[in-house]
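Asker: After the structure tokens below, expect a handful of questions from me.
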Amino acid sequence: MTPDKPRILYVVASAMTARAFLLPHLRYLVRNAGLEVTVVCSPGPELEELAGEDEISVIPVPIEREMAPLRDLVSLCRLVKVIRQVRPAIVNVATPKAGLLGAVAAWFVGVPHRIYSLFGLRLETTRGLKRLILLMCEKAACRSSHIVLCVSESLRRRAVELGLLESATAWVLPWAEALDLGRLGPSEDNWLRAYTLREQFGLGREIPIVGYVGRLTRDKGIPELVAAYRALRPSMPELRLLLVGDFEDGDPVAPKTRRAIEEDQGIIKTGFVPDAAPYYHLMNIMAFPSHREGFGRVPAEAAAAGVPVVATRATGVVDAVVDGVTGLLVPVGDVEGLTEAVKRLLEDRELAGRLALEGWERVVRELQPERIWGELVALYQTMLAAVPL
């Protein structure tokens with residue numbers, strides 16, 4: 001550790017989250033803002049890539065994604081020990097479980113500046129005791145922090161409505177949602193990789209493809225997406241549904257939906273892929289019927305790739321897609337509405353092209369990494385210059 005540099009400690013649940021969403025941002029902090037950065041996350045295959053970054057320190061601490069009281073207590077104790085050793089000026093915690101444990105540990109140690117980055121609210125799609133537990137955990141994380149950074153305005157409003165935080169402590173800054181436009185956008189490399197994928201999947205150039213990227217779970221709207229696709233097939237027999245992602249045990253789809261995905265010859269499931277960028281360039285339309293998000297990152301990535309979007313009016317998604325301008329929005333859970341919107345864009349190429357262009361221009365204008373990360377650095381610098389909160 002370098003004693004003359006301010007120390008920022010990030011706590012997230014998984015190494016995959018840290019690598020996928022934080023790594024470019026962390027490099028920016030070190031190289032452009034002169035900060036010393038340490039990341040705490042669960043062990044995983046992606047940890048090696050993070051640990052290979054000479055400028056970033058990585059400390060593995062197992063953090064369960066689901067509730068596990070005894071293991072959570074052990075994780076909390078380890079986090080307290082790590083924070084005492086690192087002695088950061090600022091702790092930025094994110095993701096539900098890591099947010100709770102990290103915020104409480106930082107509060108216990110007395111870190112002078114504590115930030116909870118709210119990436120989404122799992123409790124929006126839960127019921128009963130689990131919802132109550134998640135509500136209590138989110139409240140504890142928010143109230144153990146000086147500032148809550150919400151990645152979208154609709155997420156901030158929802159958190160205030162639920163009584164998780166007060167408007168005065170809630171800021172909106174999509175710092176983890178900045179897009180690598182060069183990686184996602186139209187390019188010779190992406191077109192070549194997309195062409196190779198078409199050959200791999202046996203797809204001719206004229207075959208229409210509706211695509212999706214993400215977890216194959218109920219709260220992502222996968223049952224509605226499969227139902228909409230099957231409703232369109234009789235009139236569009238060549239239509240294909242491309243699912244870039246894999247099933248998860250935490251919120252499984254119904255057996256009927258899973259069988260349809262596994263058995264329907266018109267549905268292509270890739271499983272987990274390390275880089276979804278070329279897959280966007282296979283799609284005529286991106287369909288994203290999620291029930292809740294922190295920010296609609298996938299629709300934004302599709303827009304960066306020049307793909308028109310159909311999505312839902314869910315928390316977070318409404319910040320990424322402007323209805324009728326950069327995409328089409330339908331009510332959450334509305335299979336008929338989803339079906340009609342997808343059909344409309346498949347048939348109206350002029351509308352699809354206009355939405356795609358408007359979407360691309362918006363992400364270029366609003367999600368440039370340097371601008372967003374610069375705002376976060378300015379916040380850090382203000383906090384470091386101030387008397388501890």
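Residue numbers start at 1 in each chain; chains themselves are named A, B, ... in the order of the structure tokens; ligands are numbered from 1 in the order shown.
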Can you pull out every residue within 6 Å of segment 33-43 of chain A, counting only C-alpha atoms, but drop anything in the same chain fewer than 2 positions away, and send it as a list in words?

Answerer: Lys5, Pro6, Arg7, Ile8, Leu9, Tyr10, Val11, Val12, Ala13, Ser14, Ala15, Leu29, Val30, Ile56, Ser57, Val58, Ile59, Pro60, Val61, Pro62 and Ile63 of chain A

Asker: What residues in segment 164-292 of chain A get the DSSP label helix (DSSP H, G or I)? Please answer as an MDAnalysis selection string.

Answerer: chainID A and resid 167:169 181:184 188:201 218:220 222:232 255:263 277:280

Asker: Would you mind listing what lies within 10 Å of Gly296 of chain A as a list of chain:residue names, with only C-alpha atoms counted and same-chain residues fewer than 6 positions away left out?

Answerer: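 The neighbour list is A:Val151, A:Ser152, A:Glu177, A:Phe288, A:Ser290, A:Ala311, A:Thr312, A:Ala314, A:Thr315, A:Gly316, A:Val317, A:Val318, A:Asp319, A:Ala320, A:Val321.
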
Asker: What is the distance, in Å and to one decimal place, between atom CA of Val335 of chain A and atom CA of Asp275 of chain A?

Answerer: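 Value for the atom CA of Val335 of chain A-atom CA of Asp275 of chain A distance: 28.9 Å.
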
Asker: Taking the DSSP assignment computed from this structure's backbone, write out as a ChimeraX atom specification all residues of segment 42-271 of chain A that belong to strand (DSSP E).

Answerer: /A:42,56-60,90-94,113-118,147-150,170-172,209-213,240-244,267-269

Asker: Which residues are near Glu370 of chain A? Cut-off 10 Å, only C-alpha atoms, ignore same chain within fewer than 5 positions. Put them as a VMD selection string.

Answerer: chain A and resid 25 28 32 175 178 to 179 375 to 376

Asker: Here is a test: counting only C-alpha atoms, which residue of A:Pro223, A:Pro308, A:Pro186, A:Pro112 is nearest to Ala352 of chain A?

Answerer: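 For Ala352 of chain A, the nearest of the given residues is A:Pro308.
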